[in-house]
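Undergrad: As input, take input-v9.cif (mmCIF, C-alpha atoms):
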data_data
#
loop_
_atom_site.label_atom_id
_atom_site.label_comp_id
_atom_site.auth_asym_id
_atom_site.auth_seq_id
_atom_site.Cartn_x
_atom_site.Cartn_y
_atom_site.Cartn_z
CA MET X 25 2.66 43.37 -53.51
CA ALA X 26 3.59 39.71 -52.92
CA PHE X 27 1.50 36.72 -51.87
CA ILE X 28 3.17 34.81 -48.99
CA LYS X 29 2.08 31.44 -47.58
CA SER X 30 3.61 29.54 -44.60
CA LYS X 31 3.90 25.76 -44.33
CA PRO X 32 2.03 23.62 -41.72
CA ASN X 33 5.22 23.58 -39.62
CA GLU X 34 5.87 27.35 -39.81
CA TYR X 35 4.54 30.50 -38.24
CA LEU X 36 3.94 33.45 -40.58
CA VAL X 37 5.17 36.52 -38.76
CA ALA X 38 4.51 39.88 -40.45
CA VAL X 39 6.14 43.21 -39.66
CA LYS X 40 4.55 46.54 -40.58
CA GLY X 41 5.30 49.96 -39.20
CA GLY X 42 7.55 48.51 -36.49
CA LYS X 43 4.77 46.19 -35.25
CA ILE X 44 5.32 42.41 -35.26
CA THR X 45 2.27 40.23 -35.77
CA ASN X 46 1.98 36.43 -35.70
CA LEU X 47 -0.53 35.51 -38.42
CA GLY X 48 -0.44 31.80 -37.38
CA VAL X 49 0.60 28.41 -38.75
CA ALA X 50 -0.07 27.51 -42.42
CA ARG X 51 -1.41 30.98 -43.12
CA SER X 52 -1.22 33.11 -46.27
CA SER X 53 -1.29 36.84 -46.78
CA PHE X 54 -0.49 39.64 -49.26
CA MET X 55 2.58 41.65 -48.31
CA TRP X 56 2.26 45.26 -49.27
CA PRO X 57 5.21 47.44 -50.21
CA GLY X 58 7.14 48.43 -47.09
CA GLN X 59 5.86 45.35 -45.20
CA SER X 60 8.27 42.51 -44.27
CA TYR X 61 7.73 38.96 -42.97
CA ILE X 62 9.61 36.05 -41.49
CA LEU X 63 8.87 32.28 -41.35
CA VAL X 64 9.54 30.76 -37.90
CA PRO X 65 9.60 26.94 -37.29
CA SER X 66 6.75 25.61 -35.13
CA THR X 67 7.95 22.00 -34.82
CA GLN X 68 9.89 20.25 -32.06
CA ILE X 69 13.62 20.92 -32.38
CA GLU X 70 16.45 18.90 -30.86
CA ALA X 71 19.69 20.35 -29.50
CA GLU X 72 22.61 18.16 -28.42
CA PHE X 73 25.41 18.74 -25.93
CA ALA X 74 28.52 16.73 -24.98
CA MET X 75 31.53 17.26 -22.69
CA THR X 76 34.26 15.55 -20.66
CA GLN X 77 34.55 16.49 -17.01
CA GLU X 78 36.38 15.13 -13.98
CA THR X 79 34.35 14.27 -10.93
CA SER X 80 35.19 15.27 -7.36
CA ASP X 81 37.09 11.97 -6.91
CA GLY X 82 39.26 12.63 -10.03
CA ILE X 83 37.59 10.30 -12.56
CA ALA X 84 37.17 11.73 -16.08
CA LEU X 85 33.65 11.12 -17.39
CA ARG X 86 32.15 11.73 -20.78
CA PHE X 87 28.63 13.18 -20.86
CA LYS X 88 26.15 13.37 -23.72
CA GLY X 89 22.64 14.73 -23.67
CA ILE X 90 19.76 16.24 -25.61
CA VAL X 91 17.27 19.04 -25.20
CA VAL X 92 14.00 19.07 -27.13
CA TYR X 93 12.21 22.41 -27.39
CA HIS X 94 9.73 24.34 -29.52
CA ILE X 95 9.11 28.02 -30.22
CA SER X 96 6.00 29.04 -28.32
CA ASN X 97 6.12 32.79 -28.99
CA PRO X 98 7.32 33.44 -32.56
CA GLU X 99 7.09 37.25 -32.17
CA ILE X 100 9.73 37.22 -29.36
CA ALA X 101 11.84 34.54 -31.07
CA ALA X 102 11.86 36.56 -34.32
CA GLN X 103 13.28 39.52 -32.40
CA LYS X 104 15.96 37.43 -30.65
CA PHE X 105 17.16 35.26 -33.54
CA ASP X 106 17.58 35.58 -37.29
CA PHE X 107 15.30 33.08 -39.06
CA SER X 108 15.94 34.47 -42.54
CA ALA X 109 18.32 31.52 -42.96
CA GLU X 110 19.13 28.48 -40.80
CA GLU X 111 21.27 30.61 -38.53
CA GLY X 112 18.36 31.24 -36.17
CA LEU X 113 17.99 27.61 -35.12
CA ALA X 114 21.78 27.19 -34.99
CA GLN X 115 22.01 30.14 -32.58
CA ILE X 116 19.29 28.70 -30.34
CA ASN X 117 20.95 25.26 -30.28
CA HIS X 118 24.32 26.83 -29.50
CA PHE X 119 22.95 28.83 -26.57
CA ILE X 120 21.02 25.84 -25.19
CA SER X 121 24.13 23.66 -25.41
CA ASN X 122 26.29 26.24 -23.61
CA VAL X 123 23.77 26.72 -20.80
CA SER X 124 23.40 22.95 -20.36
CA LEU X 125 27.16 22.32 -20.31
CA GLY X 126 27.81 25.16 -17.89
CA GLU X 127 25.30 23.83 -15.37
CA LEU X 128 26.45 20.24 -15.92
CA ARG X 129 30.13 21.09 -15.30
CA ASP X 130 29.27 22.80 -12.04
CA LYS X 131 27.24 19.83 -10.77
CA VAL X 132 29.68 17.13 -11.85
CA SER X 133 32.67 18.86 -10.24
CA HIS X 134 30.94 18.49 -6.86
CA MET X 135 29.82 14.87 -7.32
CA LYS X 136 31.59 11.52 -7.21
CA MET X 137 31.79 9.18 -10.16
CA ASP X 138 29.18 6.70 -8.95
CA GLU X 139 26.81 9.56 -8.09
CA CYS X 140 27.13 10.99 -11.60
CA ILE X 141 26.41 7.59 -13.15
CA ASN X 142 23.53 6.71 -10.86
CA GLU X 143 21.94 10.16 -10.78
CA ARG X 144 22.24 11.22 -14.42
CA LYS X 145 18.46 11.04 -14.93
CA THR X 146 17.65 12.76 -11.66
CA THR X 147 20.14 15.20 -10.16
CA LEU X 148 21.99 16.12 -13.37
CA THR X 149 18.92 16.26 -15.61
CA ASP X 150 16.90 18.28 -13.08
CA ALA X 151 19.71 20.82 -12.67
CA ILE X 152 19.92 21.45 -16.44
CA THR X 153 16.13 21.64 -16.78
CA GLN X 154 15.81 24.26 -14.05
CA GLU X 155 18.59 26.42 -15.47
CA LEU X 156 17.27 26.26 -19.04
CA SER X 157 13.74 27.14 -17.92
CA LYS X 158 15.03 30.38 -16.43
CA VAL X 159 16.83 31.41 -19.62
CA VAL X 160 14.73 30.29 -22.59
CA GLU X 161 11.50 31.84 -21.29
CA SER X 162 12.77 35.24 -22.49
CA TRP X 163 13.55 33.71 -25.92
CA GLY X 164 9.94 32.75 -26.66
CA ILE X 165 10.88 29.06 -26.27
CA LYS X 166 9.52 26.18 -24.13
CA ILE X 167 11.51 23.12 -23.14
CA SER X 168 9.83 19.73 -23.74
CA ILE X 169 12.57 17.22 -22.86
CA VAL X 170 15.96 17.40 -21.13
CA GLN X 171 17.99 14.24 -20.73
CA VAL X 172 21.57 13.37 -19.83
CA ALA X 173 21.58 10.34 -22.10
CA GLN X 174 25.06 8.88 -21.60
CA VAL X 175 27.73 8.90 -18.92
CA PHE X 176 30.83 6.75 -19.39
CA ILE X 177 34.41 6.63 -18.16
CA VAL X 178 37.04 8.04 -20.49
CA GLU X 179 40.13 6.07 -19.37
CA GLU X 180 40.09 2.50 -20.70
CA LYS X 181 41.89 0.95 -17.72
CA ILE X 182 39.62 2.48 -15.15
CA ARG X 183 36.58 1.62 -17.22
CA ARG X 184 37.58 -2.04 -17.47
CA GLN X 185 38.30 -2.18 -13.75
CA LEU X 186 35.00 -0.61 -12.88
CA GLU X 187 33.18 -2.78 -15.40
CA ALA X 188 34.75 -5.84 -13.78
CA GLU X 189 33.65 -4.62 -10.37
CA VAL X 190 30.18 -4.01 -11.70
CA ARG X 191 30.10 -7.47 -13.27
CA ASN X 192 31.25 -9.04 -9.99
CA THR X 193 28.66 -7.05 -8.10
CA LEU X 194 25.99 -8.09 -10.55
CA ARG X 195 27.12 -11.71 -10.33
CA ALA X 196 27.13 -11.57 -6.54
CA ASN X 197 23.73 -9.91 -6.54
CA SER X 198 22.48 -12.53 -8.97
CA GLU X 199 23.77 -15.37 -6.80
CA LEU X 200 22.36 -13.68 -3.72
CA SER X 201 19.10 -13.27 -5.53
CA ASP X 202 19.13 -16.97 -6.41
CA ILE X 203 19.77 -17.83 -2.76
CA LYS X 204 16.99 -15.51 -1.63
CA THR X 205 14.73 -16.97 -4.28
CA ALA X 206 15.49 -20.51 -3.12
CA GLU X 207 14.91 -19.45 0.49
CA ALA X 208 11.67 -17.76 -0.50
CA ILE X 209 10.55 -20.88 -2.37
CA SER X 210 11.48 -23.07 0.61
CA LEU X 211 9.64 -20.77 3.00
CA GLU X 212 6.66 -20.67 0.69
CA GLU X 213 6.63 -24.46 0.44
CA SER X 214 6.79 -24.73 4.24
CA ALA X 215 4.07 -22.14 4.59
CA SER X 216 2.04 -23.98 1.97
CA LYS X 217 2.38 -27.25 3.90
CA VAL X 218 1.33 -25.50 7.09
CA ARG X 219 -1.64 -23.94 5.30
CA ILE X 220 -2.61 -27.33 3.86
CA LYS X 221 -2.45 -28.93 7.31
CA GLN X 222 -4.45 -26.07 8.77
CA GLU X 223 -7.02 -26.42 6.01
CA GLU X 224 -7.19 -30.20 6.57
CA SER X 225 -7.61 -29.60 10.30
CA GLU X 226 -10.30 -27.02 9.65
CA ASN X 227 -12.04 -29.40 7.24
CA GLU X 228 -11.90 -32.19 9.82
CA LYS X 229 -13.35 -29.85 12.40
CA LYS X 230 -16.11 -28.87 9.99
CA VAL X 231 -16.83 -32.53 9.21
CA MET X 232 -16.88 -33.33 12.92
CA ALA X 233 -19.11 -30.35 13.53
CA LEU X 234 -21.46 -31.67 10.85
CA ASP X 235 -21.23 -35.32 11.99
CA THR X 236 -21.67 -34.65 15.72
CA PRO X 237 -25.36 -33.64 15.56
CA LEU X 238 -26.02 -36.63 13.29
CA LYS X 239 -24.23 -39.00 15.65
CA ILE X 240 -26.07 -37.52 18.63
CA PHE X 241 -29.36 -37.95 16.78
CA GLU X 242 -28.47 -41.56 15.89
CA ALA X 243 -27.48 -42.25 19.50
CA GLU X 244 -30.75 -40.76 20.72
CA GLN X 245 -32.64 -42.90 18.23
CA ASP X 246 -30.73 -45.97 19.43
CA LEU X 247 -31.62 -45.14 23.04
CA LEU X 248 -35.26 -44.69 22.09
CA THR X 249 -35.18 -48.01 20.23
CA MET X 250 -33.59 -49.80 23.19
CA ALA X 251 -36.13 -48.22 25.54
CA LYS X 252 -38.95 -49.45 23.31
CA MET X 253 -37.37 -52.90 23.12
CA LEU X 254 -37.02 -52.97 26.92
CA GLU X 255 -40.68 -52.05 27.30
CA LEU X 256 -41.54 -54.76 24.79
CA TYR X 257 -39.47 -57.32 26.69
CA LYS X 258 -41.18 -56.30 29.92
CA LEU X 259 -44.59 -56.67 28.30
CA LYS X 260 -43.60 -60.07 26.89
CA GLU X 261 -42.37 -61.10 30.33
CA GLN X 262 -45.64 -59.98 31.90
CA MET X 263 -47.57 -61.79 29.22
CA ASN X 264 -45.53 -64.93 29.80
CA MET X 265 -46.13 -64.64 33.54
CA GLN X 266 -49.85 -64.23 32.95
CA LYS X 267 -49.82 -67.19 30.58
CA ALA X 268 -47.88 -69.25 33.13
CA LYS X 269 -50.29 -68.27 35.88
CA ALA X 270 -53.24 -69.06 33.66
CA ASN X 271 -51.72 -72.41 32.66
CA LEU X 272 -50.95 -73.15 36.29
CA ALA X 273 -54.50 -72.29 37.33
CA VAL X 274 -55.85 -74.48 34.55
CA GLU X 275 -53.53 -77.26 35.56
CA VAL X 276 -54.54 -76.90 39.25
CA GLU X 277 -58.17 -76.89 38.25
CA GLU X 278 -57.66 -79.92 36.04
CA ASN X 279 -55.81 -81.69 38.83
CA SER X 280 -58.62 -80.87 41.24
CA VAL X 281 -61.23 -82.14 38.83
CA ARG X 282 -59.05 -85.15 38.07
CA LYS X 283 -58.78 -85.82 41.80
CA GLU X 284 -62.51 -85.60 42.22
CA MET X 285 -63.00 -87.79 39.17
CA ILE X 286 -60.60 -90.32 40.54
CA SER X 287 -62.52 -90.34 43.81
CA LEU X 288 -65.80 -90.86 42.01
CA GLU X 289 -64.30 -93.52 39.81
CA GLN X 290 -63.07 -95.38 42.92
CA ILE X 291 -66.38 -95.21 44.83
CA PRO X 292 -67.59 -98.59 43.58
CA GLN X 293 -64.29 -100.18 44.55
CA ILE X 294 -64.32 -98.49 47.97
CA ALA X 295 -67.90 -99.58 48.57
CA ASP X 296 -67.05 -103.08 47.49
CA SER X 297 -64.06 -103.15 49.80
CA ILE X 298 -66.07 -101.93 52.76
CA SER X 299 -68.74 -104.52 52.07
CA LYS X 300 -66.09 -107.19 52.15
CA VAL X 301 -64.61 -106.09 55.47
CA TYR X 302 -67.36 -107.65 57.54
CA GLN X 303 -68.59 -110.09 54.91
CA GLY X 304 -69.69 -113.33 56.62
CA ALA X 305 -69.38 -111.69 60.02
CA ASN X 306 -72.23 -111.83 62.51
CA LEU X 307 -71.93 -108.50 64.29
CA THR X 308 -73.72 -107.57 67.45
CA PHE X 309 -73.42 -103.96 68.57
CA TYR X 310 -73.67 -103.02 72.17
CA LYS X 311 -73.95 -99.64 73.65
CA ASP X 312 -70.27 -99.32 74.37
CA SER X 313 -69.12 -101.17 71.25
CA SER X 314 -69.70 -98.34 68.73
CA ASP X 315 -65.96 -97.77 68.45
CA VAL X 316 -65.74 -100.79 66.25
CA MET X 317 -67.23 -98.76 63.44
CA ALA X 318 -65.29 -95.61 64.30
CA GLY X 319 -62.43 -96.57 62.00
CA LEU X 320 -64.80 -96.83 59.10
CA LYS X 321 -66.54 -93.54 59.70
CA PRO X 322 -64.18 -91.30 57.61
CA VAL X 323 -64.37 -93.71 54.72
CA LEU X 324 -68.12 -93.81 54.92
CA ASP X 325 -68.31 -90.02 55.09
CA LEU X 326 -66.12 -89.70 52.01
CA LEU X 327 -68.22 -92.25 50.25
CA GLY X 328 -71.37 -90.39 51.14
CA ASP X 329 -70.00 -87.05 49.94
CA ALA X 330 -68.94 -88.64 46.70
CA LEU X 331 -72.31 -90.12 46.10
CA THR X 332 -73.93 -86.80 46.88
CA LEU X 333 -71.71 -84.99 44.28
CA LYS X 334 -72.35 -87.74 41.74
CA LYS X 335 -76.08 -87.20 42.08
#
Rewrite the structure from the file as structure tokens, please.
TA:
Amino acid sequence: MAFIKSKPNEYLVAVKGGKITNLGVARSSFMWPGQSYILVPSTQIEAEFAMTQETSDGIALRFKGIVVYHISNPEIAAQKFDFSAEEGLAQINHFISNVSLGELRDKVSHMKMDECINERKTTLTDAITQELSKVVESWGIKISIVQVAQVFIVEEKIRRQLEAEVRNTLRANSELSDIKTAEAISLEESASKVRIKQEESENEKKVMALDTPLKIFEAEQDLLTMAKMLELYKLKEQMNMQKAKANLAVEVEENSVRKEMISLEQIPQIADSISKVYQGANLTFYKDSSDVMAGLKPVLDLLGDALTLKK
């Protein structure tokens, strides 16, 4: 009886009575007489492949790639490959490489050089992945990564020519990109100026929209003020007219009083004058001679009225 223990990166697969059993990773067990075991790797394993193949347009290309896989079913893998030494992994890598190269040769022979270079991560890689998935499933293996890592031209002259063409293309693309960038910057600057003008116009409109009600209100207030001032002027004019009329009435009244006063003041003089008209005269009045005094009658009447008012 022997005590067997597997590492953290190994499956412990035991065989007894023709039955294969996976005891697991990093497991230990006693192996009884007549019982055998095998240690199968559980880690990711990398297989490489490389080949030279002409394309459909007659250009020889060199291909290199990798396949990363792991053993998912150690019971099946232990039956397919010998893991008692390192030959088991070598056999798996050899088979994976052959399958990958076979599928790659078939694809490349039907593709042009530029297609192989541009589509190495798509068309070529997908073709190898699909073919491997069909085969390795029966080996107890699962594919993790498939990649056609490198594709390059074998002939030096052709490679330099193509590299020069690529450089020229890149240079032309770079210059074109610079031109497009300059155009884009110019267009953006123009668009920016237009946007700035539009924003300024919008701001002016907003300011006008805000100022208009204020200006209308101020104009209305000015109109109200002018209306009030006009009413005030009218009232002042009416007051002045009333004052003028009152002053005129006072002046007329004063003139009337002054006239009457003048008349009263002149009564003594008038009376004295009348008395002197016939002073020293010896008058004899006859019936038809009353007209002699007719000329004095208005003066005498005025004098009588004046004396009456004075009393």
Undergrad: Please identify all polymer residues within 12 Å of Leu128 (chain X), counting all atoms listed in the file, omitting same-chain residues fewer than 5 positions from it, and present them as a ChimeraX atom specification.
TA: /X:73-79,85-89,121-123,133-135,140,144,147-156,171-172,175
Undergrad: Just checking: using all atoms listed in the file, which residue out of X:Ile169, X:Ile44, X:Met55, X:Ala50 ends up closest to Val91 (chain X)?
TA: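 That would be X:Ile169, the residue with the smallest distance to Val91 (chain X).
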Undergrad: In Å to one decimal, how far is CA of Asp138 (chain X) from CA of Gly82 (chain X)?
TA: 11.7 Å
Undergrad: If you apply the PyMOL selection byres ((chain X and resi 27) around 6) to this file, what residues do you get, as a ChimeraX atom specification?
TA: /X:26,28,53-54
Undergrad: From the set X:Glu226, X:Ala206, X:Val170, X:Val64, which residue has the shortest atom-to-atom contact distance to Phe107 (chain X), counting all atoms listed in the file?
TA: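 Among X:Glu226, X:Ala206, X:Val170, X:Val64, it is X:Val64 that comes nearest to Phe107 (chain X).
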Undergrad: As an exercise, work out the distance from CA of Ala114 (chain X) to CA of Ser60 (chain X) in Å and give it to one decimal place.
TA: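 Atom-to-atom, CA of Ala114 (chain X) to CA of Ser60 (chain X), that is 22.4 Å.
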Undergrad: Can you turn the PyMOL selection byres ((chain X and resi 104) around 10) into a concrete residue list for this file, as a PyMOL selection string?
TA: chain X and resi 98-103+105-107+112+115-116+162-164
Undergrad: Leaving out Val49 (chain X) and any residue of its chain fewer than 4 positions from it, which residues lie within 8 Å of it when counting only C-alpha atoms, given as a PyMOL selection string?
TA: chain X and resi 30-36+66
Undergrad: Let me know the residues the PyMOL selection byres ((chain X and resi 40) around 12) catches in the file above, as a PyMOL selection string.
TA: chain X and resi 37-39+41-46+55-62
Undergrad: Using all atoms listed in the file, pick whichever of X:Tyr93, X:Val274, X:Leu63, X:Ala173 has the shortest atom-to-atom distance to Glu110 (chain X).
TA: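 Ranking X:Tyr93, X:Val274, X:Leu63, X:Ala173 by distance to Glu110 (chain X), first place goes to X:Leu63.
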Undergrad: So which one's closest to Glu72 (chain X), X:Val132, X:Ile203, X:Val178, X:Val92? Using only C-alpha atoms, please.
TA: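 With only C-alpha atoms as the atom set, the closest residue is X:Val92.
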Undergrad: Could you check how far CA of Lys217 (chain X) sits from CA of Lys230 (chain X), in Å to one decimal?
TA: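 CA of Lys230 (chain X) lies at a distance of 19.5 Å from CA of Lys217 (chain X).
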Undergrad: Hey, which of X:Ala71, X:Gly48, X:Gln174, X:Arg191 ends up closest to Asn142 (chain X)? Count all atoms listed in the file.
TA: X:Gln174
Undergrad: Identify which of the residues X:Met265, X:Ile83, X:Ile69, X:Ala208 lies closest to Ile182 (chain X), counting only C-alpha atoms when measuring atom-to-atom distances.
TA: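 Comparing X:Met265, X:Ile83, X:Ile69, X:Ala208 against Ile182 (chain X), the winner is X:Ile83.
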